[in-house]
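Text of structure07.cif (mmCIF, C-alpha atoms (C1' of nucleotides)) as supplied:
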```cif
data_input
loop_
_atom_site.label_atom_id
_atom_site.label_comp_id
_atom_site.auth_asym_id
_atom_site.auth_seq_id
_atom_site.Cartn_x
_atom_site.Cartn_y
_atom_site.Cartn_z
CA MET A 1 -3.97 17.62 -15.18
CA LYS A 2 -3.08 14.00 -14.53
CA ILE A 3 -2.98 12.76 -10.93
CA ALA A 4 -1.74 9.26 -10.08
CA THR A 5 -1.54 7.04 -7.01
CA TYR A 6 0.93 4.20 -6.59
CA ASN A 7 1.60 1.92 -3.63
CA VAL A 8 5.28 1.23 -4.37
CA ASN A 9 5.93 -1.31 -1.57
CA GLY A 10 9.38 0.11 -0.76
CA VAL A 11 10.43 3.33 -2.51
CA ASN A 12 14.13 2.49 -2.64
CA GLY A 13 13.80 -1.11 -3.75
CA ARG A 14 11.24 0.10 -6.30
CA LEU A 15 13.18 3.11 -7.56
CA PRO A 16 14.05 1.75 -11.06
CA VAL A 17 10.42 0.76 -11.66
CA LEU A 18 9.12 4.06 -10.27
CA LEU A 19 11.47 6.13 -12.44
CA ARG A 20 10.65 4.07 -15.54
CA TRP A 21 6.91 4.57 -14.96
CA LEU A 22 7.32 8.31 -14.24
CA GLY A 23 9.33 8.74 -17.45
CA GLU A 24 6.80 6.76 -19.46
CA THR A 25 3.57 8.36 -18.23
CA LYS A 26 4.67 11.73 -16.80
CA PRO A 27 1.79 12.37 -14.40
CA ASP A 28 1.58 15.92 -13.05
CA VAL A 29 0.95 14.76 -9.49
CA VAL A 30 1.87 11.42 -7.91
CA CYS A 31 0.78 10.09 -4.51
CA LEU A 32 2.99 7.30 -3.19
CA GLN A 33 2.31 4.88 -0.34
CA GLU A 34 4.35 2.28 1.53
CA LEU A 35 7.67 4.08 1.18
CA LYS A 36 9.11 1.74 3.85
CA ALA A 37 11.91 4.25 4.37
CA PRO A 38 12.78 6.67 7.17
CA GLU A 39 12.55 10.40 6.49
CA GLU A 40 16.26 10.71 5.60
CA LYS A 41 16.30 7.78 3.15
CA PHE A 42 13.71 9.09 0.69
CA PRO A 43 15.38 9.20 -2.77
CA GLU A 44 14.86 12.94 -3.14
CA GLN A 45 17.67 13.51 -5.65
CA ALA A 46 16.56 10.78 -8.06
CA ILE A 47 12.96 12.05 -7.90
CA GLN A 48 14.17 15.60 -8.49
CA ASP A 49 16.31 14.48 -11.44
CA ALA A 50 13.17 12.90 -12.89
CA GLY A 51 11.58 16.37 -12.84
CA TYR A 52 9.53 16.19 -9.64
CA ALA A 53 9.40 18.20 -6.47
CA ALA A 54 8.35 16.11 -3.47
CA ILE A 55 7.11 16.19 0.08
CA TRP A 56 7.05 13.02 2.13
CA HIS A 57 6.45 11.59 5.57
CA GLY A 58 8.70 8.61 6.12
CA GLN A 59 8.89 5.96 8.80
CA LYS A 60 11.46 3.27 9.48
CA SER A 61 10.48 -0.06 7.88
CA TRP A 62 6.76 0.53 7.47
CA ASN A 63 4.17 2.83 5.94
CA GLY A 64 5.32 6.19 4.57
CA VAL A 65 3.55 8.50 2.10
CA ALA A 66 4.71 11.11 -0.40
CA ILE A 67 3.32 13.61 -2.91
CA LEU A 68 5.26 14.44 -6.08
CA ALA A 69 4.54 17.22 -8.58
CA ARG A 70 6.04 18.48 -11.81
CA ASN A 71 5.45 21.97 -13.21
CA HIS A 72 3.63 22.98 -10.03
CA GLY A 73 4.64 23.95 -6.53
CA ILE A 74 3.60 21.79 -3.58
CA SER A 75 2.17 23.61 -0.59
CA GLU A 76 2.00 21.20 2.34
CA VAL A 77 -1.13 21.42 4.49
CA CYS A 78 -0.48 18.63 7.03
CA ARG A 79 1.36 15.34 7.41
CA VAL A 80 -0.85 13.46 9.85
CA LEU A 81 -4.52 12.61 9.81
CA PRO A 82 -6.11 14.75 12.55
CA GLY A 83 -7.84 13.18 15.52
CA ASP A 84 -5.35 10.97 17.36
CA PRO A 85 -2.05 12.38 18.64
CA GLU A 86 -1.01 8.87 19.70
CA ASP A 87 -1.20 7.49 16.16
CA LEU A 88 2.43 7.62 15.00
CA HIS A 89 2.04 5.74 11.71
CA SER A 90 2.94 7.82 8.66
CA ARG A 91 -0.21 7.21 6.67
CA TYR A 92 -1.43 10.62 5.54
CA ILE A 93 -0.04 13.72 3.89
CA GLU A 94 -1.96 16.60 2.32
CA ALA A 95 -0.98 19.46 0.06
CA VAL A 96 -2.39 22.07 -2.29
CA ILE A 97 -1.14 21.79 -5.87
CA ASN A 98 -2.38 24.01 -8.69
CA GLY A 99 -5.41 24.97 -6.60
CA ILE A 100 -6.40 21.39 -5.80
CA VAL A 101 -6.29 19.88 -2.32
CA VAL A 102 -4.56 16.50 -2.61
CA GLY A 103 -4.87 14.06 0.30
CA CYS A 104 -2.57 11.03 -0.01
CA LEU A 105 -3.52 8.17 2.29
CA TYR A 106 -2.51 4.66 3.25
CA LEU A 107 -5.39 3.19 5.19
CA PRO A 108 -4.47 0.41 7.65
CA ASN A 109 -4.75 -3.17 6.40
CA GLY A 110 -6.62 -4.33 9.50
CA ASN A 111 -5.87 -8.05 9.44
CA PRO A 112 -6.34 -10.20 11.34
CA ALA A 113 -10.00 -9.42 11.92
CA PRO A 114 -11.40 -9.21 14.46
CA GLY A 115 -8.62 -7.84 16.67
CA PRO A 116 -6.74 -4.69 17.63
CA LYS A 117 -5.45 -4.12 14.11
CA PHE A 118 -8.99 -4.26 12.77
CA ASP A 119 -10.15 -1.86 15.49
CA TYR A 120 -7.35 0.51 14.50
CA LYS A 121 -8.47 0.33 10.87
CA LEU A 122 -12.06 1.23 11.77
CA ARG A 123 -10.93 4.11 14.02
CA TRP A 124 -8.65 5.39 11.28
CA PHE A 125 -11.56 5.22 8.83
CA GLU A 126 -13.71 7.28 11.23
CA ARG A 127 -11.01 9.94 11.51
CA LEU A 128 -10.66 10.02 7.73
CA THR A 129 -14.42 10.45 7.40
CA LEU A 130 -14.42 13.37 9.86
CA HIS A 131 -11.55 15.03 8.04
CA ALA A 132 -13.18 14.41 4.66
CA ALA A 133 -16.35 16.18 5.84
CA GLU A 134 -14.29 19.24 6.75
CA LEU A 135 -12.60 19.19 3.35
CA LEU A 136 -15.98 19.06 1.60
CA ALA A 137 -17.30 21.88 3.78
CA SER A 138 -14.35 24.04 2.73
CA GLY A 139 -15.67 23.99 -0.83
CA LYS A 140 -12.17 23.60 -2.26
CA PRO A 141 -11.68 21.15 -5.12
CA THR A 142 -10.32 18.07 -3.37
CA VAL A 143 -9.07 14.60 -4.21
CA LEU A 144 -8.56 11.92 -1.56
CA THR A 145 -6.47 9.17 -3.08
CA GLY A 146 -4.30 6.25 -2.13
CA ASP A 147 -4.43 2.70 -0.85
CA TYR A 148 -7.75 2.42 0.99
CA ASN A 149 -7.31 -1.30 1.69
CA VAL A 150 -11.01 -1.74 0.90
CA MET A 151 -12.78 -3.43 -1.98
CA PRO A 152 -16.00 -1.37 -2.09
CA ALA A 153 -18.15 -4.00 -3.83
CA GLU A 154 -18.17 -7.60 -5.02
CA ILE A 155 -17.21 -6.53 -8.54
CA ASP A 156 -13.90 -5.34 -7.06
CA VAL A 157 -12.83 -8.84 -5.94
CA TYR A 158 -11.85 -11.79 -8.14
CA LYS A 159 -13.57 -14.24 -5.77
CA PRO A 160 -15.73 -12.30 -3.32
CA GLU A 161 -16.84 -15.41 -1.38
CA ARG A 162 -13.24 -15.98 -0.29
CA TRP A 163 -12.86 -12.50 1.13
CA VAL A 164 -15.99 -12.02 3.23
CA ASP A 165 -14.13 -12.43 6.55
CA ASP A 166 -11.06 -10.49 5.48
CA ALA A 167 -10.36 -7.03 6.90
CA LEU A 168 -10.35 -5.60 3.36
CA PHE A 169 -13.87 -6.76 2.60
CA ARG A 170 -15.75 -7.25 5.85
CA PRO A 171 -19.19 -5.56 6.00
CA GLU A 172 -18.01 -2.94 8.55
CA VAL A 173 -15.26 -1.79 6.21
CA ARG A 174 -17.42 -1.69 3.11
CA ALA A 175 -19.99 0.24 5.14
CA ALA A 176 -17.30 2.70 6.24
CA PHE A 177 -16.30 3.32 2.63
CA LYS A 178 -19.94 3.77 1.67
CA THR A 179 -20.52 6.25 4.52
CA LEU A 180 -17.47 8.24 3.44
CA ALA A 181 -18.47 8.32 -0.22
CA ALA A 182 -22.06 9.26 0.70
CA GLN A 183 -20.81 12.60 2.00
CA GLY A 184 -20.65 13.57 -1.66
CA TRP A 185 -17.45 11.96 -2.96
CA THR A 186 -17.23 10.33 -6.38
CA ASP A 187 -15.29 7.09 -6.91
CA ALA A 188 -13.58 8.18 -10.14
CA ILE A 189 -12.95 4.73 -11.61
CA ARG A 190 -16.52 3.57 -10.94
CA LYS A 191 -17.97 6.76 -12.38
CA LEU A 192 -16.23 6.13 -15.71
CA TYR A 193 -16.47 2.31 -15.65
CA PRO A 194 -19.65 1.43 -13.71
CA GLU A 195 -19.77 -2.23 -14.77
CA GLU A 196 -16.19 -3.23 -15.53
CA LYS A 197 -13.96 -5.54 -13.55
CA ILE A 198 -10.99 -3.34 -12.66
CA TYR A 199 -8.18 -4.31 -10.29
CA THR A 200 -5.26 -2.37 -8.83
CA PHE A 201 -3.54 -5.10 -6.80
CA TRP A 202 -2.43 -8.66 -7.49
CA ASP A 203 -0.68 -10.91 -4.97
CA TYR A 204 2.95 -11.81 -5.63
CA PHE A 205 2.30 -15.53 -5.44
CA ARG A 206 0.02 -18.15 -6.90
CA ASN A 207 0.58 -16.35 -10.22
CA ALA A 208 -2.15 -13.92 -9.20
CA TYR A 209 -1.33 -11.39 -11.94
CA GLY A 210 -1.18 -14.10 -14.61
CA ARG A 211 -4.56 -15.43 -13.46
CA ASP A 212 -5.91 -11.88 -13.04
CA ALA A 213 -6.80 -12.77 -9.44
CA GLY A 214 -6.86 -9.15 -8.35
CA LEU A 215 -8.47 -6.63 -6.04
CA ARG A 216 -9.48 -2.98 -6.50
CA ILE A 217 -8.24 -1.24 -3.37
CA ASP A 218 -6.52 1.94 -4.65
CA HIS A 219 -9.10 4.67 -5.15
CA PHE A 220 -9.72 8.27 -6.11
CA LEU A 221 -12.50 10.08 -4.26
CA LEU A 222 -13.37 13.42 -5.85
CA SER A 223 -15.27 16.35 -4.40
CA PRO A 224 -18.28 17.43 -6.53
CA ASN A 225 -16.44 20.42 -8.01
CA LEU A 226 -13.65 18.07 -9.15
CA SER A 227 -15.89 15.22 -10.27
CA SER A 228 -17.36 17.56 -12.88
CA ARG A 229 -13.84 18.01 -14.29
CA LEU A 230 -13.09 14.28 -14.62
CA THR A 231 -12.24 13.38 -18.22
CA GLY A 232 -10.38 10.08 -17.83
CA ALA A 233 -9.11 7.45 -15.42
CA ASN A 234 -7.42 4.05 -15.57
CA VAL A 235 -4.97 1.56 -14.13
CA ASP A 236 -1.46 1.22 -15.59
CA ARG A 237 -1.77 -2.50 -15.11
CA HIS A 238 1.12 -3.39 -17.42
CA VAL A 239 3.49 -1.98 -14.77
CA ARG A 240 2.46 -4.92 -12.56
CA GLY A 241 4.08 -7.20 -15.15
CA TRP A 242 7.51 -5.56 -14.96
CA GLU A 243 10.53 -7.13 -13.24
CA LYS A 244 10.97 -6.26 -9.56
CA THR A 245 7.57 -4.58 -9.54
CA SER A 246 5.19 -3.67 -6.71
CA ASP A 247 2.16 -5.85 -5.98
CA HIS A 248 0.05 -2.75 -6.75
CA ALA A 249 -0.25 -1.06 -10.14
CA PRO A 250 -0.42 2.73 -10.55
CA VAL A 251 -3.88 4.28 -10.96
CA TRP A 252 -4.54 7.71 -12.46
CA ILE A 253 -7.20 10.28 -13.28
CA GLU A 254 -7.26 13.11 -15.81
CA LEU A 255 -8.92 16.42 -14.89
CA ALA A 256 -9.96 19.21 -17.25
CA ASP A 257 -8.54 22.67 -16.59
CA GLU A 258 -11.01 25.03 -15.02
"C1'" DA B 1 -7.91 -21.22 1.34
"C1'" DT B 2 -2.72 -21.04 3.41
"C1'" DG B 3 1.90 -15.48 3.16
"C1'" DC B 4 3.57 -20.27 -1.41
"C1'" DC B 5 6.47 -13.83 -2.43
"C1'" DG B 6 8.68 -9.61 -1.40
"C1'" DT B 7 10.61 -5.81 1.50
"C1'" DG B 8 13.20 -3.94 5.29
"C1'" DG B 9 15.95 -4.50 9.36
"C1'" DA B 10 18.25 -7.02 12.29
"C1'" DA B 11 20.63 -10.97 12.61
"C1'" DA B 12 21.36 -15.57 9.24
"C1'" DC B 13 15.22 -15.17 11.21
"C1'" DC B 14 11.31 -12.08 11.92
"C1'" DA B 15 7.42 -8.60 11.23
"C1'" DC B 16 4.39 -7.20 8.03
"C1'" DG B 17 1.68 -6.90 3.95
"C1'" DA B 18 -3.61 -8.09 1.59
#
```
What would the structure in this file look like if it were written as structure tokens?
Amino acid sequence: MKIATYNVNGVNGRLPVLLRWLGETKPDVVCLQELKAPEEKFPEQAIQDAGYAAIWHGQKSWNGVAILARNHGISEVCRVLPGDPEDLHSRYIEAVINGIVVGCLYLPNGNPAPGPKFDYKLRWFERLTLHAAELLASGKPTVLTGDYNVMPAEIDVYKPERWVDDALFRPEVRAAFKTLAAQGWTDAIRKLYPEEKIYTFWDYFRNAYGRDAGLRIDHFLLSPNLSSRLTGANVDRHVRGWEKTSDHAPVWIELADE
DNA sequence: ATGCCGTGGAAACCACGA
């Protein structure tokens, strides 16, 4: 089973690129972030015509997450990250698909740091970590994937020295990712490629993609009983070179059947 | 070492992203 994550940066503006990529790679499950569309403007029909059922949590202008699946039903578990009823951002949605718990997340950017946006990011990270512990305790095979807005290590940044004060790379944020992973989660890309420079995002300007000035911020965290089923993972980085493309590239994992 | 680009929504600029 192939599971992918893709920060589309506007699901409607990105629809031709999204449909082209879906048709080309045909993942079984797709987690989308940054829909930038209200609930009623999700392109449900076009996604359905491409062969996918979908659940989504939209929001006007910003954020927005969705889970797509082909050949499997989607059983929604929740559409907010527990722990703060006053957090109205649509940044989390969770479902069970083919016996696997799939959490799709869009972690706050957090810039500028320090400041209220950075505080929000750290609080959100704490809530995610609490929820992740409950998911692990359930013993169900679980994947937590999406745009974490964190480069976990220096190898994940084209020029680490330039990012030390940025909300995506500050020590507190890297520590938060480390604490989360230490619960027992496996970073799928790093498990398969422990030493390689792998990016999932390139800025739109300064020819970042052409210079390969990228960041690895889209991740798959796997519970132990899923990590043992991991047979492949990679970034569809060529999609970043398409016309009218997102600044993120899709990332995917392949899992063996039980 | 910076939103220089891109998106969405409201208004012909602004917020936001990483």
Please evaluate the PyMOL selection byres ((chain A) within 9 of (chain B)) against the displayed coordinates and give the resulting residues as a VMD selection string. chain A and resid 9 to 10 13 36 to 37 60 to 62 109 111 149 162 166 to 168 201 203 to 206 246 to 247
Atomic distance CA of Pro82 (chain A) - CA of Pro250 (chain A), expressed in Å with one decimal:
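Result for CA of Pro82 (chain A) versus CA of Pro250 (chain A): 26.7 Å, one decimal.
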Residues matched by the PyMOL selection byres ((chain A and resi 47) around 10) as a short mmCIF file (atom, residue, chain, number, x, y, z; two decimals) with C-alpha atoms, in the frame of the given file:
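The resulting file, expr-v1.cif, is shown below:
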```
data_model
loop_
_atom_site.label_atom_id
_atom_site.label_comp_id
_atom_site.auth_asym_id
_atom_site.auth_seq_id
_atom_site.Cartn_x
_atom_site.Cartn_y
_atom_site.Cartn_z
CA LEU A 15 13.18 3.11 -7.56
CA LEU A 18 9.12 4.06 -10.27
CA LEU A 19 11.47 6.13 -12.44
CA LEU A 22 7.32 8.31 -14.24
CA PHE A 42 13.71 9.09 0.69
CA PRO A 43 15.38 9.20 -2.77
CA GLU A 44 14.86 12.94 -3.14
CA GLN A 45 17.67 13.51 -5.65
CA ALA A 46 16.56 10.78 -8.06
CA GLN A 48 14.17 15.60 -8.49
CA ASP A 49 16.31 14.48 -11.44
CA ALA A 50 13.17 12.90 -12.89
CA GLY A 51 11.58 16.37 -12.84
CA TYR A 52 9.53 16.19 -9.64
CA ALA A 53 9.40 18.20 -6.47
CA ALA A 54 8.35 16.11 -3.47
CA LEU A 68 5.26 14.44 -6.08
CA ALA A 69 4.54 17.22 -8.58
#
```
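When the PyMOL selection byres ((chain A and resi 124-134) around 8) is evaluated on the file shown here, the picked residues come out as Leu81, Pro82, Gly83, Leu107, Pro108, Tyr120, Lys121, Leu122, Arg123, Leu135, Leu136, Ala137, Ser138, Ala176, Thr179, Leu180 and Gln183 of chain A.
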Of A:Leu105, A:Val164, A:Val143, A:Ala175, the one nearest to Trp252 (chain A) when counting all atoms listed in the file is A:Val143
Margin query: Measuring between all atoms listed in the file, which one of A:Leu88, A:Ile253, A:Met1, A:Val29 shows the shortest distance to Asp187 (chain A)?
Written below: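 Ranking A:Leu88, A:Ile253, A:Met1, A:Val29 by distance to Asp187 (chain A), first place goes to A:Ile253.
Remark: for Glu258 (chain A), the closest of the candidate residues A:Ile100, A:Leu215, A:Val17, A:Ile55 is A:Ile100 (distances computed over all atoms listed in the file).
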**Request:** Between CA of Lys140 (chain A) and CA of Glu94 (chain A), measure the distance and give it in Å to one decimal.
**Result:**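 Computing the Euclidean distance for CA of Lys140 (chain A) and CA of Glu94 (chain A) yields 13.2 Å.
In this structure, CA of Lys191 (chain A) sits 20.0 Å away from CA of Tyr158 (chain A).
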- Item | Contacts of Ala4 (chain A) at 12 Å (all atoms listed in the file; same-chain gap of 3+ positions) as a count of residues only | 41
Taking (1.1, 25.6, -10.1) in the file's coordinates, which residues come within 10 Å, counting only C-alpha atoms (C1' of nucleotides), written as an MDAnalysis selection string?
-> chainID A and resid 69:75 96:100
Provide region 117-145 of chain A rebuilt to N, CA and C atoms, formatted as a PDB file, keeping the file's coordinate frame.
```pdb
ATOM      1  N   LYS A 117      -5.803  -4.742  15.386  1.00  0.00           N
ATOM      2  CA  LYS A 117      -5.450  -4.120  14.110  1.00  0.00           C
ATOM      3  C   LYS A 117      -6.705  -3.740  13.315  1.00  0.00           C
ATOM      4  N   PHE A 118      -7.723  -4.572  13.446  1.00  0.00           N
ATOM      5  CA  PHE A 118      -8.990  -4.260  12.770  1.00  0.00           C
ATOM      6  C   PHE A 118      -9.661  -3.058  13.440  1.00  0.00           C
ATOM      7  N   ASP A 119      -9.597  -3.005  14.765  1.00  0.00           N
ATOM      8  CA  ASP A 119     -10.150  -1.860  15.490  1.00  0.00           C
ATOM      9  C   ASP A 119      -9.454  -0.566  15.062  1.00  0.00           C
ATOM     10  N   TYR A 120      -8.129  -0.651  14.949  1.00  0.00           N
ATOM     11  CA  TYR A 120      -7.350   0.510  14.500  1.00  0.00           C
ATOM     12  C   TYR A 120      -7.786   0.968  13.109  1.00  0.00           C
ATOM     13  N   LYS A 121      -8.017  -0.002  12.229  1.00  0.00           N
ATOM     14  CA  LYS A 121      -8.470   0.330  10.870  1.00  0.00           C
ATOM     15  C   LYS A 121      -9.800   1.096  10.914  1.00  0.00           C
ATOM     16  N   LEU A 122     -10.742   0.583  11.711  1.00  0.00           N
ATOM     17  CA  LEU A 122     -12.060   1.230  11.770  1.00  0.00           C
ATOM     18  C   LEU A 122     -11.965   2.628  12.384  1.00  0.00           C
ATOM     19  N   ARG A 123     -11.119   2.773  13.412  1.00  0.00           N
ATOM     20  CA  ARG A 123     -10.930   4.110  14.020  1.00  0.00           C
ATOM     21  C   ARG A 123     -10.302   5.068  13.012  1.00  0.00           C
ATOM     22  N   TRP A 124      -9.323   4.569  12.277  1.00  0.00           N
ATOM     23  CA  TRP A 124      -8.650   5.390  11.280  1.00  0.00           C
ATOM     24  C   TRP A 124      -9.661   5.838  10.202  1.00  0.00           C
ATOM     25  N   PHE A 125     -10.525   4.919   9.825  1.00  0.00           N
ATOM     26  CA  PHE A 125     -11.560   5.220   8.830  1.00  0.00           C
ATOM     27  C   PHE A 125     -12.486   6.321   9.345  1.00  0.00           C
ATOM     28  N   GLU A 126     -12.842   6.246  10.635  1.00  0.00           N
ATOM     29  CA  GLU A 126     -13.710   7.280  11.230  1.00  0.00           C
ATOM     30  C   GLU A 126     -13.022   8.642  11.203  1.00  0.00           C
ATOM     31  N   ARG A 127     -11.746   8.674  11.550  1.00  0.00           N
ATOM     32  CA  ARG A 127     -11.010   9.940  11.510  1.00  0.00           C
ATOM     33  C   ARG A 127     -10.940  10.486  10.091  1.00  0.00           C
ATOM     34  N   LEU A 128     -10.702   9.585   9.127  1.00  0.00           N
ATOM     35  CA  LEU A 128     -10.660  10.020   7.730  1.00  0.00           C
ATOM     36  C   LEU A 128     -12.005  10.616   7.320  1.00  0.00           C
ATOM     37  N   THR A 129     -13.081   9.989   7.764  1.00  0.00           N
ATOM     38  CA  THR A 129     -14.420  10.450   7.400  1.00  0.00           C
ATOM     39  C   THR A 129     -14.711  11.827   8.009  1.00  0.00           C
ATOM     40  N   LEU A 130     -14.274  12.035   9.246  1.00  0.00           N
ATOM     41  CA  LEU A 130     -14.420  13.370   9.860  1.00  0.00           C
ATOM     42  C   LEU A 130     -13.638  14.418   9.094  1.00  0.00           C
ATOM     43  N   HIS A 131     -12.400  14.080   8.771  1.00  0.00           N
ATOM     44  CA  HIS A 131     -11.550  15.030   8.040  1.00  0.00           C
ATOM     45  C   HIS A 131     -12.114  15.311   6.649  1.00  0.00           C
ATOM     46  N   ALA A 132     -12.615  14.264   6.008  1.00  0.00           N
ATOM     47  CA  ALA A 132     -13.180  14.410   4.660  1.00  0.00           C
ATOM     48  C   ALA A 132     -14.377  15.359   4.673  1.00  0.00           C
ATOM     49  N   ALA A 133     -15.189  15.282   5.732  1.00  0.00           N
ATOM     50  CA  ALA A 133     -16.350  16.180   5.840  1.00  0.00           C
ATOM     51  C   ALA A 133     -15.889  17.634   5.925  1.00  0.00           C
ATOM     52  N   GLU A 134     -14.813  17.873   6.658  1.00  0.00           N
ATOM     53  CA  GLU A 134     -14.290  19.240   6.750  1.00  0.00           C
ATOM     54  C   GLU A 134     -13.767  19.722   5.405  1.00  0.00           C
ATOM     55  N   LEU A 135     -13.117  18.823   4.674  1.00  0.00           N
ATOM     56  CA  LEU A 135     -12.600  19.190   3.350  1.00  0.00           C
ATOM     57  C   LEU A 135     -13.752  19.552   2.412  1.00  0.00           C
ATOM     58  N   LEU A 136     -14.822  18.757   2.442  1.00  0.00           N
ATOM     59  CA  LEU A 136     -15.980  19.060   1.600  1.00  0.00           C
ATOM     60  C   LEU A 136     -16.593  20.403   1.981  1.00  0.00           C
ATOM     61  N   ALA A 137     -16.686  20.636   3.299  1.00  0.00           N
ATOM     62  CA  ALA A 137     -17.300  21.880   3.780  1.00  0.00           C
ATOM     63  C   ALA A 137     -16.492  23.104   3.358  1.00  0.00           C
ATOM     64  N   SER A 138     -15.200  22.915   3.142  1.00  0.00           N
ATOM     65  CA  SER A 138     -14.350  24.040   2.730  1.00  0.00           C
ATOM     66  C   SER A 138     -14.693  24.515   1.322  1.00  0.00           C
ATOM     67  N   GLY A 139     -15.307  23.636   0.531  1.00  0.00           N
ATOM     68  CA  GLY A 139     -15.670  23.990  -0.830  1.00  0.00           C
ATOM     69  C   GLY A 139     -14.518  23.987  -1.814  1.00  0.00           C
ATOM     70  N   LYS A 140     -13.330  23.640  -1.348  1.00  0.00           N
ATOM     71  CA  LYS A 140     -12.170  23.600  -2.260  1.00  0.00           C
ATOM     72  C   LYS A 140     -12.194  22.311  -3.072  1.00  0.00           C
ATOM     73  N   PRO A 141     -11.786  22.382  -4.330  1.00  0.00           N
ATOM     74  CA  PRO A 141     -11.680  21.150  -5.120  1.00  0.00           C
ATOM     75  C   PRO A 141     -10.671  20.202  -4.474  1.00  0.00           C
ATOM     76  N   THR A 142     -11.132  18.980  -4.176  1.00  0.00           N
ATOM     77  CA  THR A 142     -10.320  18.070  -3.370  1.00  0.00           C
ATOM     78  C   THR A 142     -10.328  16.654  -3.937  1.00  0.00           C
ATOM     79  N   VAL A 143      -9.169  16.018  -3.904  1.00  0.00           N
ATOM     80  CA  VAL A 143      -9.070  14.600  -4.210  1.00  0.00           C
ATOM     81  C   VAL A 143      -8.438  13.888  -3.021  1.00  0.00           C
ATOM     82  N   LEU A 144      -9.100  12.802  -2.611  1.00  0.00           N
ATOM     83  CA  LEU A 144      -8.560  11.920  -1.560  1.00  0.00           C
ATOM     84  C   LEU A 144      -8.186  10.620  -2.238  1.00  0.00           C
ATOM     85  N   THR A 145      -6.879  10.342  -2.320  1.00  0.00           N
ATOM     86  CA  THR A 145      -6.470   9.170  -3.080  1.00  0.00           C
ATOM     87  C   THR A 145      -5.397   8.379  -2.347  1.00  0.00           C
TER      88      THR A 145
END
```
